[in-house]
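A.B. asks: Have a look at this one before I ask anything.
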There are 2 protein chains.
Amino acid sequence: MARTQDQRRAETRARLIDAAADLFARKGFHAVSAEAVAGAADRTTGALYNHFGGKEGLLLALLEVWKEQTAAELLAGFEEVTELDERLAAMFGALTRDSRGGSWLLLEMELWLHGARDPAIGEPLARRYADVRARLAEGLSDWAEAAGVPLRRSPEQTAAGVLGLLIGCAVQHRLDPPAVEARAVAENLRDLLGLTQAISEVGMRSP
Amino acid sequence: MARTQDQRRAETRARLIDAAADLFARKGFHAVSAEAVAGAADRTTGALYNHFGGKEGLLLALLEVWKEQTAAELLAGFEEVTELDERLAAMFGALTRDSRGGSWLLLEMELWLHGARDPAIGEPLARRYADVRARLAEGLSDWAEAAGVPLRRSPEQTAAGVLGLLIGCAVQHRLDPPAVEARAVAENLRDLLGLTQAISEVGMRSP
DNA sequence: GTCTATATAGTGATAGAC
DNA sequence: GTCTATCACTATATAGAC
């Protein structure tokens with residue numbers, strides 16, 4: 001089958017980014033050579049330098065792709081499920097689940113660490129976090145209105161708290177899974193939303 | 001002035017660990033050479049290898065020292081202040097404050113990332129987190145009893161939530177400070193402890 | 001004088017750049 | 001594929017404490 005040069009180029013680009021996501025997450029950016037990434041993608045370092053200008057450029061391109069995937073994945077649980085408990089559990093599950101070889105959170109923190117040190121990474125990363133918070137805030141706002149339970153703080157700050165609790169618990173969970181119970185995380189999230197156990201049980205009985 | 005070899009040795013060790021803490025936090029473990037650490041400590045790589053056996057050993061030794069400092073620093077705000085709001089604010093402040101060159105959280109996450117990949121780092125790190133949670137749980141338990149506000153979950157899971165919220169908010173704060181308001185974080189923490197605004201205001205008026 | 005903490009000066013391997 | 005720099009690491013030398 002014939003393929004245009006654009007198609008070949010796009011595939012090489014995608015293969016390189018996929019390989020980088022896997023290797024950077026598992027071993028860390030500095031521990032991985034450009035040649036190793038190229039090899040894992042069945043390409044050469046020449047292709048890598050042609051597409052991204054270097055390893056740093058590859059990291060930046062990876063962030064841009066990851067940006068859309070990760071926001072979608074995290075919010076999918078919240079936006080697709082109707083029952084609140086399931087929504088909350090799905091979001092924590094998305095963070096702790098062993099998707100992508102168990103390295104989701106690793107790559108996220110790898111990117112964060114680079115972003116905290118280098119504004120060229122940090123600024124787009126900050127925009128992505130802001131975007132996730134905005135979408136989450138909108139979802140929480142809609143939910144609060146529909147459920148008749150007013151949010152205790154602005155939707156933005158509520159979203160920051162929800163996202164923060166999820167990240168912080170996932171970080172602890174990764175080192176010591178039994179120490180952070182998924183059920184307790186969900187309950188903590190309910191409290192952030194102003195749902196006491198009593199209220200939420202009433203809400204569940206008479207929706 | 002005469003100094004014993006033990007004293008010289010102890011100072012060299014301390015200088016190397018201090019330099020490593022600074023450089024690993026600012027640039028990242030893999031981005032810093034053993035020689036750079038030794039140079040910053042006004043020592044040579046020979047001393048580094050004699051003391052720690054290599055860069056990895058230095059990271060492990062750093063973790064052990066950091067272990068005590070960081071737990072103490074994080075909990076200091078909670079254990080020394082009596083007013084709850086001040087306690088909560090102090091803990092978030094400890095995480096976001098620019099102490100140690102603004103790199104406190106960076107080194108913490110650097111260690112976490114290595115711990116998540118390497119059990120030799122991960123296990124002592126997990127023990128440290130467990131220790132912080134245990135001390136925090138004890139403090140929260142005592143507070144709940146004294147305040148007459150029962151915790152909504154086990155002290156351990158409450159502590160995991162509090163610590164998680166603090167870490168996750170600090171992570172977001174680092175990339176985008178205005179997006180995470182310290183006041184909102186404190187309010188979120190109150191909610192985790194089962195203190196509605198109304199109850200806490202009553203508590204404050206009639207302690 | 002002897003011991004050992006630290007310094008010096010390398011080794012082979014491998015990185016990124018072009 | 002080649003080149004240069006630099007990596008982690010080590011073998012040996014020095015210098016200071018007992």
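If you're wondering about the labels, chains in the structure tokens are A, B, ... by order shown, residues count from 1 in each chain, ligands from 1 in order shown.
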Check every residue of chain C for an atom within 8 Å of chain B, counting only C-alpha atoms (C1' of nucleotides), and provide those that qualify as a list of chain:residue names.

C.D. replies: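 Here is what falls inside 8 Å: C:DA5, C:DT6, C:DA7.
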
A.B. asks: For DT6 in chain D, work out the shell of residues within 12 Å, counting only C-alpha atoms (C1' of nucleotides) and skipping chain neighbours fewer than 6 positions away, then give it as a list in words.

C.D. replies: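 Using only C-alpha atoms (C1' of nucleotides), the neighbours found are Ala31, Val32, Ser33, Ala34, Glu35 and Ala36 of chain B; DA13, DT14, DA15 and DG16 of chain C.
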
A.B. asks: Could you write out that same residue set with N, CA and C atoms (P, O5', C5', C4', C3', O3' and C1' of nucleotides) as a CSV table (one decimal), in the first residue's frame?

C.D. replies:
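Ended up saving to result.csv:
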chain,number,residue,atom,x,y,z
B,31,ALA,N,20.4,15.0,36.5
B,31,ALA,CA,21.1,16.1,35.8
B,31,ALA,C,22.3,16.7,36.5
B,32,VAL,N,22.6,16.1,37.7
B,32,VAL,CA,23.7,16.6,38.5
B,32,VAL,C,24.8,15.5,38.5
B,33,SER,N,26.0,15.8,38.3
B,33,SER,CA,27.1,14.8,38.3
B,33,SER,C,27.6,14.7,39.7
B,34,ALA,N,28.2,13.6,40.0
B,34,ALA,CA,28.8,13.4,41.3
B,34,ALA,C,29.9,14.4,41.6
B,35,GLU,N,30.6,14.8,40.5
B,35,GLU,CA,31.6,15.8,40.6
B,35,GLU,C,31.0,17.2,41.0
B,36,ALA,N,29.9,17.5,40.4
B,36,ALA,CA,29.2,18.8,40.7
B,36,ALA,C,28.8,18.8,42.2
C,13,DA,P,34.5,-0.4,27.9
C,13,DA,O5',33.2,0.6,28.2
C,13,DA,C5',32.6,0.7,29.5
C,13,DA,C4',31.5,1.7,29.4
C,13,DA,C3',30.6,1.7,28.2
C,13,DA,O3',29.3,1.7,28.6
C,13,DA,C1',31.5,3.9,28.5
C,14,DT,P,28.1,1.5,27.5
C,14,DT,O5',27.6,3.0,27.3
C,14,DT,C5',27.4,3.8,28.5
C,14,DT,C4',27.1,5.3,28.0
C,14,DT,C3',26.3,5.3,26.7
C,14,DT,O3',25.3,6.3,26.9
C,14,DT,C1',28.2,6.7,26.5
C,15,DA,P,24.0,6.3,26.0
C,15,DA,O5',23.5,7.8,26.1
C,15,DA,C5',23.6,8.5,27.3
C,15,DA,C4',24.1,9.9,27.1
C,15,DA,C3',23.5,10.6,25.9
C,15,DA,O3',22.4,11.4,26.3
C,15,DA,C1',25.9,10.9,26.0
C,16,DG,P,21.3,11.7,25.3
C,16,DG,O5',21.9,13.0,24.6
C,16,DG,C5',22.2,14.1,25.4
C,16,DG,C4',23.0,15.1,24.5
C,16,DG,C3',22.2,15.7,23.4
C,16,DG,O3',22.5,17.0,23.2
C,16,DG,C1',24.1,14.6,22.6

A.B. asks: Using only C-alpha atoms (C1' of nucleotides), what does the table of chain D residues within 12 Å of chain B look like, with each row giving the shortest atom pair and its distance in Å to one decimal, sorted by chain and ascending number, as a Markdown table?

C.D. replies:
| residue | atom | partner | partner_atom | distance |
| --- | --- | --- | --- | --- |
| D:DT6 | C1' | B:Ser33 | CA | 9.1 |
| D:DC7 | C1' | B:Ser33 | CA | 7.3 |
| D:DA8 | C1' | B:Ala34 | CA | 7.6 |
| D:DC9 | C1' | B:Gly54 | CA | 8.0 |
| D:DT10 | C1' | B:Gly46 | CA | 9.0 |
| D:DA11 | C1' | B:Gly46 | CA | 11.0 |
| D:DT12 | C1' | B:Gly46 | CA | 11.6 |
| D:DG16 | C1' | B:Gln5 | CA | 8.4 |
| D:DA17 | C1' | B:Gln5 | CA | 6.2 |
| D:DC18 | C1' | B:Thr4 | CA | 9.0 |

A.B. asks: Which is closest to chain A among B:Glu187, B:Glu11, B:Asp85, B:Glu73, if we use only C-alpha atoms?

C.D. replies: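 Using only C-alpha atoms, chain A sits closest to B:Glu187.
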
A.B. asks: Write down as a ChimeraX atom specification the residues belonging to range 108-199 of chain A that are assigned alpha helix (DSSP H) by DSSP computed on the backbone.

C.D. replies: /A:108-117,119-147,155-175,182-192,197-199

A.B. asks: Report as a PDB file with N, CA and C atoms, in the first residue's frame the set of chain B residues whose atoms approach chain A to within 7 Å, with distances computed over only C-alpha atoms.

C.D. replies:
ATOM      1  N   HIS B  30      19.423  13.101  38.116  1.00  0.00           N
ATOM      2  CA  HIS B  30      20.180  12.653  36.944  1.00  0.00           C
ATOM      3  C   HIS B  30      20.903  13.794  36.231  1.00  0.00           C
ATOM      4  N   ALA B  31      20.445  15.000  36.455  1.00  0.00           N
ATOM      5  CA  ALA B  31      21.059  16.140  35.763  1.00  0.00           C
ATOM      6  C   ALA B  31      22.289  16.657  36.508  1.00  0.00           C
ATOM      7  N   LEU B 106      10.183  20.496  45.454  1.00  0.00           N
ATOM      8  CA  LEU B 106      10.905  19.884  44.333  1.00  0.00           C
ATOM      9  C   LEU B 106      11.689  18.662  44.783  1.00  0.00           C
ATOM     10  N   LEU B 113       9.600  10.421  43.059  1.00  0.00           N
ATOM     11  CA  LEU B 113       9.727   9.836  41.725  1.00  0.00           C
ATOM     12  C   LEU B 113      10.750   8.701  41.723  1.00  0.00           C
ATOM     13  N   ALA B 116       9.199   5.763  43.613  1.00  0.00           N
ATOM     14  CA  ALA B 116       8.183   5.032  42.866  1.00  0.00           C
ATOM     15  C   ALA B 116       8.832   4.067  41.873  1.00  0.00           C
ATOM     16  N   GLY B 122      12.025   3.744  47.681  1.00  0.00           N
ATOM     17  CA  GLY B 122      10.588   3.770  47.939  1.00  0.00           C
ATOM     18  C   GLY B 122      10.208   3.270  49.314  1.00  0.00           C
ATOM     19  N   ALA B 126       8.265   5.410  51.938  1.00  0.00           N
ATOM     20  CA  ALA B 126       6.917   5.026  52.359  1.00  0.00           C
ATOM     21  C   ALA B 126       6.822   5.015  53.878  1.00  0.00           C
ATOM     22  N   GLN B 157      -7.030   7.486  58.044  1.00  0.00           N
ATOM     23  CA  GLN B 157      -7.556   7.888  56.742  1.00  0.00           C
ATOM     24  C   GLN B 157      -7.810   9.394  56.681  1.00  0.00           C
ATOM     25  N   ALA B 160      -4.456  10.787  56.008  1.00  0.00           N
ATOM     26  CA  ALA B 160      -4.088  10.573  54.600  1.00  0.00           C
ATOM     27  C   ALA B 160      -4.765  11.612  53.721  1.00  0.00           C
ATOM     28  N   GLY B 161      -6.033  11.920  54.035  1.00  0.00           N
ATOM     29  CA  GLY B 161      -6.754  12.926  53.261  1.00  0.00           C
ATOM     30  C   GLY B 161      -6.172  14.316  53.448  1.00  0.00           C
ATOM     31  N   GLY B 164      -2.862  14.412  51.767  1.00  0.00           N
ATOM     32  CA  GLY B 164      -3.074  14.385  50.323  1.00  0.00           C
ATOM     33  C   GLY B 164      -3.529  15.732  49.787  1.00  0.00           C
ATOM     34  N   LEU B 165      -4.481  16.326  50.471  1.00  0.00           N
ATOM     35  CA  LEU B 165      -4.972  17.629  50.025  1.00  0.00           C
ATOM     36  C   LEU B 165      -3.848  18.660  50.031  1.00  0.00           C
ATOM     37  N   ILE B 167      -0.555  18.121  49.783  1.00  0.00           N
ATOM     38  CA  ILE B 167       0.415  17.830  48.727  1.00  0.00           C
ATOM     39  C   ILE B 167      -0.151  18.221  47.359  1.00  0.00           C
ATOM     40  N   GLY B 168      -1.365  17.779  47.094  1.00  0.00           N
ATOM     41  CA  GLY B 168      -1.962  18.036  45.783  1.00  0.00           C
ATOM     42  C   GLY B 168      -2.170  19.519  45.511  1.00  0.00           C
ATOM     43  N   CYS B 169      -2.551  20.248  46.549  1.00  0.00           N
ATOM     44  CA  CYS B 169      -2.724  21.700  46.355  1.00  0.00           C
ATOM     45  C   CYS B 169      -1.379  22.381  46.184  1.00  0.00           C
ATOM     46  N   ARG B 174       2.441  25.336  42.919  1.00  0.00           N
ATOM     47  CA  ARG B 174       3.789  25.590  42.402  1.00  0.00           C
ATOM     48  C   ARG B 174       3.758  26.040  40.933  1.00  0.00           C
ATOM     49  N   LEU B 175       2.864  25.448  40.152  1.00  0.00           N
ATOM     50  CA  LEU B 175       2.794  25.799  38.731  1.00  0.00           C
ATOM     51  C   LEU B 175       2.025  27.093  38.515  1.00  0.00           C
ATOM     52  N   ASP B 176       1.084  27.387  39.414  1.00  0.00           N
ATOM     53  CA  ASP B 176       0.159  28.492  39.181  1.00  0.00           C
ATOM     54  C   ASP B 176      -0.360  29.004  40.528  1.00  0.00           C
ATOM     55  N   VAL B 180      -4.548  28.567  43.337  1.00  0.00           N
ATOM     56  CA  VAL B 180      -4.854  27.833  44.569  1.00  0.00           C
ATOM     57  C   VAL B 180      -4.706  28.775  45.747  1.00  0.00           C
ATOM     58  N   ALA B 184      -8.722  29.059  50.722  1.00  0.00           N
ATOM     59  CA  ALA B 184      -9.615  27.994  50.269  1.00  0.00           C
ATOM     60  C   ALA B 184      -9.086  26.625  50.680  1.00  0.00           C
ATOM     61  N   VAL B 185      -7.770  26.471  50.663  1.00  0.00           N
ATOM     62  CA  VAL B 185      -7.183  25.200  51.094  1.00  0.00           C
ATOM     63  C   VAL B 185      -7.510  24.945  52.558  1.00  0.00           C
ATOM     64  N   ASN B 188     -11.040  23.911  52.812  1.00  0.00           N
ATOM     65  CA  ASN B 188     -11.173  22.522  52.374  1.00  0.00           C
ATOM     66  C   ASN B 188     -10.741  21.565  53.483  1.00  0.00           C
ATOM     67  N   ASP B 191     -13.334  21.148  56.099  1.00  0.00           N
ATOM     68  CA  ASP B 191     -14.409  20.251  55.680  1.00  0.00           C
ATOM     69  C   ASP B 191     -14.022  18.790  55.872  1.00  0.00           C
ATOM     70  N   LEU B 192     -12.746  18.493  55.583  1.00  0.00           N
ATOM     71  CA  LEU B 192     -12.285  17.111  55.769  1.00  0.00           C
ATOM     72  C   LEU B 192     -12.408  16.685  57.223  1.00  0.00           C
TER      73      LEU B 192
END

A.B. asks: Quick one: pull the distance between C1' of DC18 in chain C and C1' of DG1 in chain D, Å, one decimal.

C.D. replies: 10.6 Å

A.B. asks: Work out how far CA of Ala19 in chain A is from CA of Leu75 in chain A, in Å to one decimal.

C.D. replies: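 We find that CA of Leu75 in chain A and CA of Ala19 in chain A lie 24.7 Å from each other.
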
A.B. asks: If you measure from CA of Ala94 in chain B to CA of Thr70 in chain B, what distance in Å do you get, rounded to one decimal?

C.D. replies: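 Straight-line distance from CA of Ala94 in chain B to CA of Thr70 in chain B works out to 9.6 Å.
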